[in-house]
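The next block is run.pdb, given as PDB, C-alpha atoms, pLDDT in the B column.
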```pdb
ATOM      1  CA  MET A 280      85.459  45.890  64.090  1.00 56.00           C
ATOM      2  CA  ALA A 281      87.907  48.724  63.489  1.00 54.00           C
ATOM      3  CA  ASN A 282      85.275  51.273  64.483  1.00 55.00           C
ATOM      4  CA  SER A 283      84.671  49.737  67.935  1.00 59.00           C
ATOM      5  CA  THR A 284      88.418  49.724  68.655  1.00 60.00           C
ATOM      6  CA  THR A 285      88.732  53.336  67.595  1.00 59.00           C
ATOM      7  CA  ASP A 286      85.680  54.281  69.652  1.00 58.00           C
ATOM      8  CA  LYS A 287      87.130  52.534  72.698  1.00 54.00           C
ATOM      9  CA  ALA A 288      90.423  54.357  72.320  1.00 53.00           C
ATOM     10  CA  LYS A 289      88.589  57.658  72.004  1.00 52.00           C
ATOM     11  CA  ALA A 290      86.521  56.930  75.112  1.00 48.00           C
ATOM     12  CA  GLU A 291      89.673  56.189  77.099  1.00 49.00           C
ATOM     13  CA  GLU A 292      91.242  59.439  75.918  1.00 54.00           C
ATOM     14  CA  ALA A 293      88.172  61.457  76.953  1.00 58.00           C
ATOM     15  CA  ALA A 294      88.505  63.524  80.080  1.00 61.00           C
ATOM     16  CA  PRO A 295      87.762  61.532  83.226  1.00 69.00           C
ATOM     17  CA  LEU A 296      84.886  63.019  85.214  1.00 81.00           C
ATOM     18  CA  THR A 297      86.308  63.245  88.719  1.00 88.00           C
ATOM     19  CA  LEU A 298      85.245  65.313  91.672  1.00 92.00           C
ATOM     20  CA  MET A 299      88.310  67.521  91.291  1.00 91.00           C
ATOM     21  CA  SER A 300      87.549  68.142  87.612  1.00 93.00           C
ATOM     22  CA  VAL A 301      84.295  69.790  88.731  1.00 95.00           C
ATOM     23  CA  VAL A 302      85.347  71.344  92.038  1.00 96.00           C
ATOM     24  CA  ALA A 303      88.614  72.932  90.869  1.00 96.00           C
ATOM     25  CA  PRO A 304      87.065  75.010  88.057  1.00 97.00           C
ATOM     26  CA  VAL A 305      84.158  76.114  90.254  1.00 97.00           C
ATOM     27  CA  ILE A 306      86.383  77.130  93.150  1.00 97.00           C
ATOM     28  CA  GLY A 307      88.816  78.721  90.684  1.00 97.00           C
ATOM     29  CA  TRP A 308      86.010  80.814  89.231  1.00 97.00           C
ATOM     30  CA  LEU A 309      84.807  81.934  92.648  1.00 97.00           C
ATOM     31  CA  ILE A 310      88.274  82.730  94.013  1.00 97.00           C
ATOM     32  CA  PRO A 311      90.956  83.388  91.369  1.00 97.00           C
ATOM     33  CA  GLY A 312      93.816  80.931  91.722  1.00 97.00           C
ATOM     34  CA  ALA A 313      92.028  78.729  94.248  1.00 97.00           C
ATOM     35  CA  GLY A 314      91.468  76.015  91.654  1.00 97.00           C
ATOM     36  CA  HIS A 315      95.242  75.648  91.426  1.00 97.00           C
ATOM     37  CA  MET A 316      95.816  75.892  95.174  1.00 97.00           C
ATOM     38  CA  ILE A 317      93.450  73.027  96.023  1.00 97.00           C
ATOM     39  CA  GLN A 318      95.505  70.912  93.623  1.00 96.00           C
ATOM     40  CA  LYS A 319      98.656  71.850  95.536  1.00 96.00           C
ATOM     41  CA  ARG A 320      99.993  74.242  92.904  1.00 96.00           C
ATOM     42  CA  TRP A 321     100.539  76.866  95.565  1.00 97.00           C
ATOM     43  CA  ILE A 322     102.864  79.273  93.785  1.00 96.00           C
ATOM     44  CA  ARG A 323     100.879  79.245  90.558  1.00 96.00           C
ATOM     45  CA  GLY A 324      97.640  79.711  92.439  1.00 97.00           C
ATOM     46  CA  GLY A 325      99.101  82.492  94.527  1.00 97.00           C
ATOM     47  CA  LEU A 326     100.435  84.354  91.510  1.00 97.00           C
ATOM     48  CA  LEU A 327      97.132  83.972  89.673  1.00 98.00           C
ATOM     49  CA  PHE A 328      95.269  85.234  92.737  1.00 98.00           C
ATOM     50  CA  VAL A 329      97.510  88.280  93.138  1.00 98.00           C
ATOM     51  CA  SER A 330      97.463  89.135  89.421  1.00 98.00           C
ATOM     52  CA  ILE A 331      93.731  88.811  88.824  1.00 98.00           C
ATOM     53  CA  VAL A 332      92.624  90.369  92.109  1.00 98.00           C
ATOM     54  CA  THR A 333      95.051  93.270  91.746  1.00 97.00           C
ATOM     55  CA  LEU A 334      93.849  94.013  88.219  1.00 97.00           C
ATOM     56  CA  PHE A 335      90.235  93.935  89.378  1.00 97.00           C
ATOM     57  CA  VAL A 336      90.782  96.051  92.483  1.00 96.00           C
ATOM     58  CA  LEU A 337      92.849  98.563  90.532  1.00 95.00           C
ATOM     59  CA  GLY A 338      90.047  98.758  88.010  1.00 95.00           C
ATOM     60  CA  LEU A 339      87.573  99.571  90.765  1.00 94.00           C
ATOM     61  CA  ALA A 340      89.959 102.099  92.305  1.00 93.00           C
ATOM     62  CA  MET A 341      90.256 103.809  88.922  1.00 93.00           C
ATOM     63  CA  GLN A 342      86.474 104.331  89.026  1.00 91.00           C
ATOM     64  CA  GLY A 343      85.863 101.704  86.391  1.00 93.00           C
ATOM     65  CA  HIS A 344      82.322 100.669  85.516  1.00 93.00           C
ATOM     66  CA  ILE A 345      80.989  97.184  86.260  1.00 94.00           C
ATOM     67  CA  TYR A 346      78.468  95.718  83.843  1.00 93.00           C
ATOM     68  CA  LYS A 347      75.352  93.959  85.052  1.00 90.00           C
ATOM     69  CA  ALA A 348      73.242  91.500  83.082  1.00 88.00           C
ATOM     70  CA  ASN A 349      71.666  93.425  80.242  1.00 80.00           C
ATOM     71  CA  GLY A 350      70.030  92.919  76.903  1.00 79.00           C
ATOM     72  CA  GLY A 351      71.350  96.043  75.337  1.00 82.00           C
ATOM     73  CA  ASP A 352      74.363  96.954  73.249  1.00 88.00           C
ATOM     74  CA  ILE A 353      76.614  94.061  72.185  1.00 91.00           C
ATOM     75  CA  LEU A 354      79.578  95.727  73.880  1.00 90.00           C
ATOM     76  CA  ASP A 355      77.645  95.965  77.147  1.00 91.00           C
ATOM     77  CA  ILE A 356      76.799  92.271  76.886  1.00 93.00           C
ATOM     78  CA  LEU A 357      80.445  91.406  76.229  1.00 93.00           C
ATOM     79  CA  GLY A 358      81.468  93.626  79.140  1.00 94.00           C
ATOM     80  CA  PHE A 359      79.078  91.707  81.382  1.00 95.00           C
ATOM     81  CA  ILE A 360      80.472  88.357  80.231  1.00 95.00           C
ATOM     82  CA  GLY A 361      84.000  89.588  80.892  1.00 96.00           C
ATOM     83  CA  ASN A 362      83.119  90.904  84.330  1.00 96.00           C
ATOM     84  CA  LEU A 363      81.325  87.668  85.172  1.00 96.00           C
ATOM     85  CA  GLY A 364      84.608  85.805  84.785  1.00 96.00           C
ATOM     86  CA  ALA A 365      85.898  87.412  87.950  1.00 96.00           C
ATOM     87  CA  GLY A 366      83.521  85.208  89.937  1.00 94.00           C
ATOM     88  CA  GLY A 367      83.441  86.090  93.621  1.00 95.00           C
ATOM     89  CA  LEU A 368      84.949  89.504  92.953  1.00 96.00           C
ATOM     90  CA  TYR A 369      82.089  90.307  90.577  1.00 96.00           C
ATOM     91  CA  ILE A 370      79.473  89.009  93.012  1.00 96.00           C
ATOM     92  CA  LEU A 371      80.932  91.109  95.823  1.00 96.00           C
ATOM     93  CA  THR A 372      81.161  94.213  93.661  1.00 95.00           C
ATOM     94  CA  VAL A 373      77.572  93.967  92.454  1.00 94.00           C
ATOM     95  CA  THR A 374      76.311  93.195  95.958  1.00 94.00           C
ATOM     96  CA  MET A 375      78.082  96.257  97.393  1.00 94.00           C
ATOM     97  CA  ASP A 376      76.913  98.360  94.437  1.00 90.00           C
ATOM     98  CA  TRP A 377      80.433  99.420  93.558  1.00 91.00           C
ATOM     99  CA  GLY A 378      81.567 100.394  90.083  1.00 85.00           C
ATOM    100  CA  GLN A 379      78.387 102.173  89.098  1.00 81.00           C
ATOM    101  CA  GLY A 380      79.890 105.480  88.064  1.00 71.00           C
ATOM    102  CA  ALA A 381      79.782 106.819  84.544  1.00 70.00           C
ATOM    103  CA  ILE A 382      82.982 106.426  82.564  1.00 70.00           C
ATOM    104  CA  ALA A 383      83.723 110.123  82.678  1.00 70.00           C
ATOM    105  CA  PHE A 384      87.450 110.211  82.049  1.00 75.00           C
ATOM    106  CA  ALA A 385      90.277 108.146  80.546  1.00 76.00           C
ATOM    107  CA  THR A 386      91.389 106.531  83.792  1.00 84.00           C
ATOM    108  CA  ALA A 387      87.864 105.256  84.415  1.00 87.00           C
ATOM    109  CA  ASP A 388      87.883 103.758  80.936  1.00 89.00           C
ATOM    110  CA  TYR A 389      91.101 101.933  81.735  1.00 92.00           C
ATOM    111  CA  GLY A 390      89.582 100.813  85.019  1.00 93.00           C
ATOM    112  CA  THR A 391      86.586  99.340  83.199  1.00 94.00           C
ATOM    113  CA  LYS A 392      88.874  97.434  80.860  1.00 94.00           C
ATOM    114  CA  PHE A 393      91.039  96.249  83.756  1.00 96.00           C
ATOM    115  CA  MET A 394      88.029  94.632  85.396  1.00 96.00           C
ATOM    116  CA  ILE A 395      86.864  92.995  82.160  1.00 97.00           C
ATOM    117  CA  VAL A 396      90.337  91.630  81.465  1.00 97.00           C
ATOM    118  CA  ALA A 397      90.632  90.360  85.035  1.00 97.00           C
ATOM    119  CA  GLY A 398      87.486  88.339  84.397  1.00 97.00           C
ATOM    120  CA  LEU A 399      88.745  87.024  81.085  1.00 97.00           C
ATOM    121  CA  LEU A 400      92.081  86.056  82.620  1.00 98.00           C
ATOM    122  CA  ASN A 401      90.183  84.188  85.308  1.00 98.00           C
ATOM    123  CA  PHE A 402      88.354  82.214  82.620  1.00 98.00           C
ATOM    124  CA  ILE A 403      91.778  81.162  81.291  1.00 97.00           C
ATOM    125  CA  SER A 404      92.880  80.329  84.810  1.00 98.00           C
ATOM    126  CA  VAL A 405      89.775  78.174  85.349  1.00 98.00           C
ATOM    127  CA  ALA A 406      90.459  76.277  82.127  1.00 97.00           C
ATOM    128  CA  ASP A 407      94.035  75.694  83.280  1.00 97.00           C
ATOM    129  CA  ALA A 408      92.822  74.380  86.644  1.00 97.00           C
ATOM    130  CA  TYR A 409      90.512  71.999  84.799  1.00 96.00           C
ATOM    131  CA  HIS A 410      93.345  70.721  82.599  1.00 95.00           C
ATOM    132  CA  ILE A 411      95.456  70.050  85.681  1.00 96.00           C
ATOM    133  CA  ALA A 412      92.523  68.228  87.294  1.00 95.00           C
ATOM    134  CA  ILE A 413      92.036  65.899  84.312  1.00 94.00           C
ATOM    135  CA  GLY A 414      95.753  65.214  84.062  1.00 92.00           C
ATOM    136  CA  LYS A 415      96.243  66.992  80.762  1.00 91.00           C
ATOM    137  CA  LYS A 416      98.790  69.303  82.357  1.00 89.00           C
ATOM    138  CA  GLN A 417     101.209  69.008  85.244  1.00 86.00           C
TER     139      GLN A 417
ATOM    140  CA  MET B 252      89.835 105.744  97.224  1.00 76.00           C
ATOM    141  CA  THR B 253      90.648 106.777  93.670  1.00 84.00           C
ATOM    142  CA  ILE B 254      93.810 105.832  91.857  1.00 85.00           C
ATOM    143  CA  THR B 255      94.944 107.754  88.808  1.00 86.00           C
ATOM    144  CA  LEU B 256      97.415 106.128  86.485  1.00 88.00           C
ATOM    145  CA  ASN B 257      98.893 107.747  83.435  1.00 89.00           C
ATOM    146  CA  HIS B 258      98.581 105.887  80.132  1.00 89.00           C
ATOM    147  CA  PHE B 259     101.986 104.235  80.191  1.00 92.00           C
ATOM    148  CA  SER B 260     101.657 103.171  83.841  1.00 93.00           C
ATOM    149  CA  ALA B 261      98.263 101.632  83.112  1.00 94.00           C
ATOM    150  CA  ALA B 262      99.717  99.790  80.111  1.00 94.00           C
ATOM    151  CA  THR B 263     102.673  98.533  82.160  1.00 96.00           C
ATOM    152  CA  VAL B 264     100.508  97.285  85.015  1.00 96.00           C
ATOM    153  CA  PHE B 265      98.163  95.583  82.574  1.00 96.00           C
ATOM    154  CA  ALA B 266     101.049  93.971  80.691  1.00 97.00           C
ATOM    155  CA  LEU B 267     102.673  92.762  83.910  1.00 97.00           C
ATOM    156  CA  PHE B 268      99.662  90.946  85.329  1.00 97.00           C
ATOM    157  CA  ALA B 269      98.385  89.644  82.012  1.00 97.00           C
ATOM    158  CA  SER B 270     101.857  88.259  81.246  1.00 98.00           C
ATOM    159  CA  ILE B 271     102.030  86.486  84.591  1.00 97.00           C
ATOM    160  CA  VAL B 272      98.699  84.779  83.925  1.00 98.00           C
ATOM    161  CA  PHE B 273      99.620  83.924  80.325  1.00 97.00           C
ATOM    162  CA  GLY B 274     102.968  82.498  81.381  1.00 97.00           C
ATOM    163  CA  ILE B 275     101.419  80.264  84.029  1.00 97.00           C
ATOM    164  CA  THR B 276      98.519  79.011  81.954  1.00 97.00           C
ATOM    165  CA  HIS B 277     100.187  78.536  78.588  1.00 96.00           C
ATOM    166  CA  ARG B 278     103.324  76.598  79.510  1.00 95.00           C
ATOM    167  CA  GLU B 279     104.153  73.383  81.384  1.00 93.00           C
ATOM    168  CA  ASN B 280     107.333  73.881  83.378  1.00 93.00           C
ATOM    169  CA  THR B 281     108.634  76.790  85.430  1.00 95.00           C
ATOM    170  CA  ARG B 282     111.415  77.821  83.082  1.00 96.00           C
ATOM    171  CA  GLU B 283     109.100  77.922  80.103  1.00 96.00           C
ATOM    172  CA  MET B 284     106.470  79.795  82.098  1.00 96.00           C
ATOM    173  CA  VAL B 285     108.952  82.533  83.007  1.00 97.00           C
ATOM    174  CA  ARG B 286     110.284  82.786  79.462  1.00 97.00           C
ATOM    175  CA  TYR B 287     106.839  82.977  77.916  1.00 97.00           C
ATOM    176  CA  GLY B 288     105.685  85.480  80.525  1.00 97.00           C
ATOM    177  CA  LEU B 289     108.634  87.736  79.744  1.00 98.00           C
ATOM    178  CA  TYR B 290     107.981  87.344  76.042  1.00 98.00           C
ATOM    179  CA  CYS B 291     104.342  88.347  76.499  1.00 98.00           C
ATOM    180  CA  PHE B 292     105.345  91.335  78.614  1.00 98.00           C
ATOM    181  CA  VAL B 293     107.727  92.586  75.937  1.00 97.00           C
ATOM    182  CA  MET B 294     105.105  92.038  73.252  1.00 97.00           C
ATOM    183  CA  PHE B 295     102.410  93.884  75.217  1.00 96.00           C
ATOM    184  CA  LEU B 296     104.590  96.914  75.956  1.00 95.00           C
ATOM    185  CA  GLY B 297     106.234  96.867  72.554  1.00 95.00           C
ATOM    186  CA  GLY B 298     102.836  96.717  70.942  1.00 95.00           C
ATOM    187  CA  VAL B 299     101.675  99.726  72.935  1.00 93.00           C
ATOM    188  CA  LEU B 300     104.706 101.736  71.860  1.00 93.00           C
ATOM    189  CA  VAL B 301     104.400 100.721  68.224  1.00 95.00           C
ATOM    190  CA  ALA B 302     100.664 101.428  68.193  1.00 94.00           C
ATOM    191  CA  GLY B 303     101.299 104.842  69.740  1.00 93.00           C
ATOM    192  CA  TRP B 304     103.787 105.788  67.068  1.00 95.00           C
ATOM    193  CA  VAL B 305     101.548 104.468  64.291  1.00 96.00           C
ATOM    194  CA  MET B 306      98.710 106.610  65.614  1.00 94.00           C
ATOM    195  CA  TRP B 307     101.033 109.597  65.750  1.00 95.00           C
ATOM    196  CA  LEU B 308     101.996 108.964  62.109  1.00 95.00           C
ATOM    197  CA  LEU B 309      98.364 108.638  61.072  1.00 95.00           C
ATOM    198  CA  ARG B 310      97.478 111.858  62.811  1.00 91.00           C
ATOM    199  CA  LYS B 311     100.382 113.601  61.163  1.00 86.00           C
TER     200      LYS B 311
END
```
Using structure tokens, write down the structure from this file.
Amino acid sequence: MANSTTDKAKAEEAAPLTLMSVVAPVIGWLIPGAGHMIQKRWIRGGLLFVSIVTLFVLGLAMQGHIYKANGGDILDILGFIGNLGAGGLYILTVTMDWGQGAIAFATADYGTKFMIVAGLLNFISVADAYHIAIGKKQ
Amino acid sequence: MTITLNHFSAATVFALFASIVFGITHRENTREMVRYGLYCFVMFLGGVLVAGWVMWLLRK
């Protein structure tokens, strides 16, 4: 008896599967900040867009290296996962074959890290867009 | 187009944008977002300075 009541309460607390709870994270991954903008959080979305895109573009401009899917060194795999977080920016960069230089000097190393961190920040941004979509956050 | 940033400029730019994202995603209302963002910015830059001096001490 008590178990079914507890289970019911838990089911009600579980995240509702709505269209926005799927669309917002996907759009937010593809275009940084867009997941917030489609939920009418314009300023937040705009700031996220500017921050993440600027970090990524600066990273490219500093001759940073972009990681592609690989089965090599663990750090290369982690670099790929980080870069993948940038979504559309990563897809565009790989398509245009940018960011393929060797990390020959300190600034290029910073550039590489900038692009990885931009991706990781976008993962956080996507999670935030999801939480807004399910009503866990205003 | 190549951009060259010195170490401190790179750290400042990184701290600025990371703090903006952290502030927005980790807090609920605007005031708290700004406060937390500023806090993160100070921590990032402060951490860089402290780490630099620690490395100088270690090298010495």
Distance table requested - chain B against chain A, cut-off 10 Å, all atoms listed in the file: one row per qualifying residue with the closest atom pair and its distance in Å to one decimal, ordered by chain and rising residue number, as a Markdown table.
```
| residue | atom | partner | partner_atom | distance |
| --- | --- | --- | --- | --- |
| B:Met252 | CA | A:Ala340 | CA | 6.1 |
| B:Thr253 | CA | A:Ala340 | CA | 4.9 |
| B:Ile254 | CA | A:Met341 | CA | 5.0 |
| B:Thr255 | CA | A:Met341 | CA | 6.1 |
| B:Leu256 | CA | A:Thr386 | CA | 6.6 |
| B:Asn257 | CA | A:Thr386 | CA | 7.6 |
| B:His258 | CA | A:Thr386 | CA | 8.1 |
| B:Ala261 | CA | A:Tyr389 | CA | 7.3 |
| B:Ala262 | CA | A:Tyr389 | CA | 9.0 |
| B:Val264 | CA | A:Leu334 | CA | 8.1 |
| B:Phe265 | CA | A:Phe393 | CA | 7.3 |
| B:Leu267 | CA | A:Ser330 | CA | 8.4 |
| B:Phe268 | CA | A:Ser330 | CA | 5.0 |
| B:Ala269 | CA | A:Leu400 | CA | 7.3 |
| B:Ser270 | CA | A:Ser330 | CA | 9.3 |
| B:Ile271 | CA | A:Ser330 | CA | 7.2 |
| B:Val272 | CA | A:Leu327 | CA | 6.0 |
| B:Phe273 | CA | A:Leu400 | CA | 8.2 |
| B:Gly274 | CA | A:Arg323 | CA | 10.0 |
| B:Ile275 | CA | A:Arg323 | CA | 6.6 |
| B:Thr276 | CA | A:Asp407 | CA | 5.7 |
| B:His277 | CA | A:Asp407 | CA | 8.2 |
| B:Arg278 | CA | A:Lys416 | CA | 9.0 |
| B:Glu279 | CA | A:Gln417 | CA | 6.5 |
| B:Asn280 | CA | A:Gln417 | CA | 8.0 |
| B:Thr281 | CA | A:Arg323 | CA | 9.6 |
```
Pick out the residues sitting within 7 Å of A:Ser300, and hand them over as a PDB file with C-alpha atoms, keeping the file's coordinate frame; count all atoms listed in the file, and ignore anything fewer than 2 positions along from it in its own chain.
```
ATOM      1  CA  LEU A 296      84.886  63.019  85.214  1.00 81.00           C
ATOM      2  CA  THR A 297      86.308  63.245  88.719  1.00 88.00           C
ATOM      3  CA  LEU A 298      85.245  65.313  91.672  1.00 92.00           C
ATOM      4  CA  VAL A 302      85.347  71.344  92.038  1.00 96.00           C
ATOM      5  CA  ALA A 303      88.614  72.932  90.869  1.00 96.00           C
ATOM      6  CA  PRO A 304      87.065  75.010  88.057  1.00 97.00           C
ATOM      7  CA  TYR A 409      90.512  71.999  84.799  1.00 96.00           C
ATOM      8  CA  ALA A 412      92.523  68.228  87.294  1.00 95.00           C
ATOM      9  CA  ILE A 413      92.036  65.899  84.312  1.00 94.00           C
TER      10      ILE A 413
END
```
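Across the structure, atom CA of A:Val373 and atom CA of A:Ile353 are spaced 20.3 Å apart.
The spacing separating atom CA of A:Leu371 from atom CA of A:Phe335 amounts to 11.7 Å.
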I'd like the neighbourhood of stretch 355-362 of chain A as a list in words, where a residue qualifies if any of its atoms comes within 7 Å (using all atoms listed in the file), though same-chain residues fewer than 3 positions away should be ignored. Ile345, Tyr346, Lys347, Ala348, Asn349, Gly350, Gly351, Asp352, Ala365, Tyr369, Met394, Ile395, Val396, Gly398 and Leu399 of chain A
Would you mind exporting C-alpha atoms of the selected residues as a PDB file, in the frame of the given file?
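Final file, selection-v8.pdb:
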```pdb
ATOM      1  CA  ILE A 345      80.989  97.184  86.260  1.00 94.00           C
ATOM      2  CA  TYR A 346      78.468  95.718  83.843  1.00 93.00           C
ATOM      3  CA  LYS A 347      75.352  93.959  85.052  1.00 90.00           C
ATOM      4  CA  ALA A 348      73.242  91.500  83.082  1.00 88.00           C
ATOM      5  CA  ASN A 349      71.666  93.425  80.242  1.00 80.00           C
ATOM      6  CA  GLY A 350      70.030  92.919  76.903  1.00 79.00           C
ATOM      7  CA  GLY A 351      71.350  96.043  75.337  1.00 82.00           C
ATOM      8  CA  ASP A 352      74.363  96.954  73.249  1.00 88.00           C
ATOM      9  CA  ALA A 365      85.898  87.412  87.950  1.00 96.00           C
ATOM     10  CA  TYR A 369      82.089  90.307  90.577  1.00 96.00           C
ATOM     11  CA  MET A 394      88.029  94.632  85.396  1.00 96.00           C
ATOM     12  CA  ILE A 395      86.864  92.995  82.160  1.00 97.00           C
ATOM     13  CA  VAL A 396      90.337  91.630  81.465  1.00 97.00           C
ATOM     14  CA  GLY A 398      87.486  88.339  84.397  1.00 97.00           C
ATOM     15  CA  LEU A 399      88.745  87.024  81.085  1.00 97.00           C
TER      16      LEU A 399
END
```
Record the distance separating atom CA of B:Met284 and atom CA of A:Lys415, expressed in Å with one decimal.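 The value is 16.4 Å.
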Taking the structure in the block just given, could you write stretch 284-307 of chain B with N, CA and C atoms, as an mmCIF file, in the first residue's frame?
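Written output follows (result34.cif):
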```
data_model
loop_
_atom_site.group_PDB
_atom_site.id
_atom_site.type_symbol
_atom_site.label_atom_id
_atom_site.label_comp_id
_atom_site.auth_asym_id
_atom_site.auth_seq_id
_atom_site.Cartn_x
_atom_site.Cartn_y
_atom_site.Cartn_z
ATOM 1 N N MET B 284 22.482 35.601 -10.230
ATOM 2 C CA MET B 284 23.300 35.249 -11.397
ATOM 3 C C MET B 284 24.493 36.192 -11.509
ATOM 4 N N VAL B 285 24.231 37.481 -11.347
ATOM 5 C CA VAL B 285 25.315 38.477 -11.451
ATOM 6 C C VAL B 285 26.323 38.278 -10.323
ATOM 7 N N ARG B 286 25.824 38.073 -9.124
ATOM 8 C CA ARG B 286 26.721 37.898 -7.973
ATOM 9 C C ARG B 286 27.592 36.671 -8.155
ATOM 10 N N TYR B 287 26.971 35.574 -8.547
ATOM 11 C CA TYR B 287 27.736 34.330 -8.707
ATOM 12 C C TYR B 287 28.723 34.443 -9.861
ATOM 13 N N GLY B 288 28.310 35.108 -10.927
ATOM 14 C CA GLY B 288 29.213 35.322 -12.059
ATOM 15 C C GLY B 288 30.442 36.124 -11.650
ATOM 16 N N LEU B 289 30.225 37.157 -10.873
ATOM 17 C CA LEU B 289 31.352 37.976 -10.392
ATOM 18 C C LEU B 289 32.256 37.158 -9.476
ATOM 19 N N TYR B 290 31.623 36.367 -8.628
ATOM 20 C CA TYR B 290 32.376 35.505 -7.723
ATOM 21 C C TYR B 290 33.260 34.537 -8.510
ATOM 22 N N CYS B 291 32.674 33.923 -9.526
ATOM 23 C CA CYS B 291 33.439 32.979 -10.359
ATOM 24 C C CYS B 291 34.592 33.682 -11.067
ATOM 25 N N PHE B 292 34.333 34.887 -11.552
ATOM 26 C CA PHE B 292 35.370 35.643 -12.251
ATOM 27 C C PHE B 292 36.549 35.923 -11.318
ATOM 28 N N VAL B 293 36.237 36.348 -10.121
ATOM 29 C CA VAL B 293 37.306 36.626 -9.137
ATOM 30 C C VAL B 293 38.067 35.349 -8.797
ATOM 31 N N MET B 294 37.333 34.264 -8.660
ATOM 32 C CA MET B 294 37.978 32.983 -8.323
ATOM 33 C C MET B 294 38.883 32.510 -9.468
ATOM 34 N N PHE B 295 38.403 32.635 -10.691
ATOM 35 C CA PHE B 295 39.202 32.207 -11.848
ATOM 36 C C PHE B 295 40.507 33.003 -11.904
ATOM 37 N N LEU B 296 40.375 34.332 -11.889
ATOM 38 C CA LEU B 296 41.575 35.178 -12.011
ATOM 39 C C LEU B 296 42.474 35.048 -10.795
ATOM 40 N N GLY B 297 41.843 35.022 -9.624
ATOM 41 C CA GLY B 297 42.625 34.849 -8.396
ATOM 42 C C GLY B 297 43.381 33.544 -8.413
ATOM 43 N N GLY B 298 42.709 32.515 -8.874
ATOM 44 C CA GLY B 298 43.342 31.198 -8.963
ATOM 45 C C GLY B 298 44.542 31.199 -9.901
ATOM 46 N N VAL B 299 44.400 31.906 -11.010
ATOM 47 C CA VAL B 299 45.513 32.014 -11.963
ATOM 48 C C VAL B 299 46.704 32.710 -11.313
ATOM 49 N N LEU B 300 46.435 33.782 -10.602
ATOM 50 C CA LEU B 300 47.523 34.526 -9.954
ATOM 51 C C LEU B 300 48.194 33.687 -8.869
ATOM 52 N N VAL B 301 47.360 33.043 -8.062
ATOM 53 C CA VAL B 301 47.916 32.210 -6.983
ATOM 54 C C VAL B 301 48.734 31.061 -7.567
ATOM 55 N N ALA B 302 48.182 30.409 -8.585
ATOM 56 C CA ALA B 302 48.887 29.285 -9.211
ATOM 57 C C ALA B 302 50.219 29.751 -9.807
ATOM 58 N N GLY B 303 50.213 30.934 -10.393
ATOM 59 C CA GLY B 303 51.450 31.476 -10.968
ATOM 60 C C GLY B 303 52.521 31.675 -9.907
ATOM 61 N N TRP B 304 52.123 32.247 -8.799
ATOM 62 C CA TRP B 304 53.091 32.469 -7.720
ATOM 63 C C TRP B 304 53.547 31.153 -7.087
ATOM 64 N N VAL B 305 52.660 30.211 -6.964
ATOM 65 C CA VAL B 305 53.048 28.894 -6.421
ATOM 66 C C VAL B 305 54.074 28.238 -7.341
ATOM 67 N N MET B 306 53.835 28.345 -8.648
ATOM 68 C CA MET B 306 54.791 27.761 -9.594
ATOM 69 C C MET B 306 56.128 28.484 -9.526
ATOM 70 N N TRP B 307 56.080 29.793 -9.330
ATOM 71 C CA TRP B 307 57.329 30.542 -9.189
ATOM 72 C C TRP B 307 58.081 30.056 -7.952
#
```
